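K.L.:
One structure coming up, written as structure tokens, with questions to follow.
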Amino acid sequence: MTGDRLGIWLMVATTFVFAVQDGISRHLAGEYNVLMIVAIRYWFFAAFVIAIARRQAGSIRAAAATSQPWVQGFRGLLLAAEICVMVWAFVLLGLVEAHAVFTFYPLLVAALSGPVLGERVGWRRWAAIGVGFVGVLIILQPGVAVFSPAAAVPLLAAFMFALYGLLTRYVARRDSTATSFFWTGVTGAVMMTPLGLWAWEPMILTDWMWMGALCITGASGHWLLIKTYEVAEASTVQPFAYLQLVFASAIGLMIFGEVLSLNVMLGAGLVVAAGLFTLWRAQRAAA
């Protein structure tokens, strides 16, 4: 199997595992405090990150070494906050609608790459960003009925994740992947621990089993993602990341009894099409 083909299959597996993780998060956060759920998840994730970073960098000290600790720390805190917001969106809106809006984040990356990284964004990509935003408006339907503030929650998560992605590209200019991975897990765990303990509530045995599954899917999903980028170019596999919307929506429909409305299908289609066009333009520019 060629590197690109293996990378594509690994990305498909990654998106499926992350979609399962989102489904478990939706279940647990519907029963318990979001902060507690994310904190437990981060404890396991931090242990996984430390093990991976230590193996790649040779030691924990080497993995933690960075000349930009403030940016690295902010990245980690931002991702932890984004996960809390997105899990909250799952509870408020369900997997289908939350993921449909969240798919706008690659377009936000393109829009913010100018002010954050100093990259040039041409008019074609700006047009794609505009089309994607129209898609988000179709999903949220402001003005059709009383606009629910909850509908803006996954959009906030998308903005936070886009900024996290741009800062990850920024620190990668001077830090290794192992270092960035280490800071992501450890700073997130440091932030979530007091919040999780403050929001702690008893959990029944069955849900502890689901919690274990959430931790395993989180770690295995990140491991699969690392392997994906080891064997294939990011530009080759990135279009398949949109499959997470498909898998998560299927879980929402079949497990949680959610409804796939026409406006969500149309809006998500516009957002995904605009995102794929933006990716294609970026590949053309880099060629």
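Going by the structure tokens order, chains are called A, B, ..., each with residues numbered from 1, while ligands are numbered from 1 in the order shown.
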If we count only C-alpha atoms and set the cut-off at 7 Å, which residues sit around A:Phe159, ignoring sequence neighbours fewer than 4 positions away in its own chain? Please answer as a ChimeraX atom specification.

P.N.:
/A:105,108,155,163

K.L.:
Please provide as a PyMOL selection string all residues within 9 Å of stretch 230-240 of chain A, with the sequence filter that same-chain residues fewer than 4 positions apart are discarded (counting only C-alpha atoms).

P.N.:
chain A and resi 2-12+15+225-226+244+275-276+279-280+282-283

K.L.:
Could you tell me which of A:Gly114, A:Pro154, A:Gly267, A:Gly73 comes closest to A:Leu166 if we count only C-alpha atoms?

P.N.:
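Using only C-alpha atoms, A:Leu166 sits closest to A:Gly114.
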
K.L.:
Kindly indicate which residue among A:Val96, A:Val87, A:Leu137, A:Ile52 lies nearest to A:Ile24, using only C-alpha atoms for the distances.

P.N.:
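Smallest distance to A:Ile24 is found for A:Val87.
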
K.L.:
Work out how far atom CA of A:Arg125 is from atom CA of A:Val85, in Å to one decimal.

P.N.:
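Result for atom CA of A:Val85 versus atom CA of A:Arg125: 27.4 Å, one decimal.
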
K.L.:
Take atom CA of A:Gly58 and atom CA of A:Phe181 and report the distance between them in Å, one decimal.

P.N.:
14.0 Å

K.L.:
Could you name the residues that touch A:Ser25 at 12 Å or less, counting only C-alpha atoms, but leaving out those on the same chain fewer than 3 positions away, as JSON, numbers by chain?

P.N.:
{"A": [18, 19, 20, 21, 22, 28, 29, 30, 31, 32, 33, 34, 35, 36, 37, 38, 40, 41, 83, 84, 85, 86, 87, 88, 89, 90, 91, 94, 95, 207, 210, 211, 212, 213, 214, 215, 217, 218, 248, 251, 252]}

K.L.:
Enter the distance from atom CA of A:Val131 to atom CA of A:Ala81, in Å, rounded to one decimal.

P.N.:
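For atom CA of A:Val131 relative to atom CA of A:Ala81, the distance reads 27.7 Å.
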
K.L.:
Neighbouring residues of A:Asp175 were defined as those with any atom within 10 Å, considering only C-alpha atoms; residues of the same chain fewer than 4 positions away were excluded. Please report them as a list of chain:residue names.

P.N.:
A:Ala63, A:Ala64, A:Ala65, A:Thr66, A:Ser67, A:Gln68, A:Gln72, A:Thr168, A:Arg169, A:Tyr170, A:Val171, A:Thr179, A:Ser180
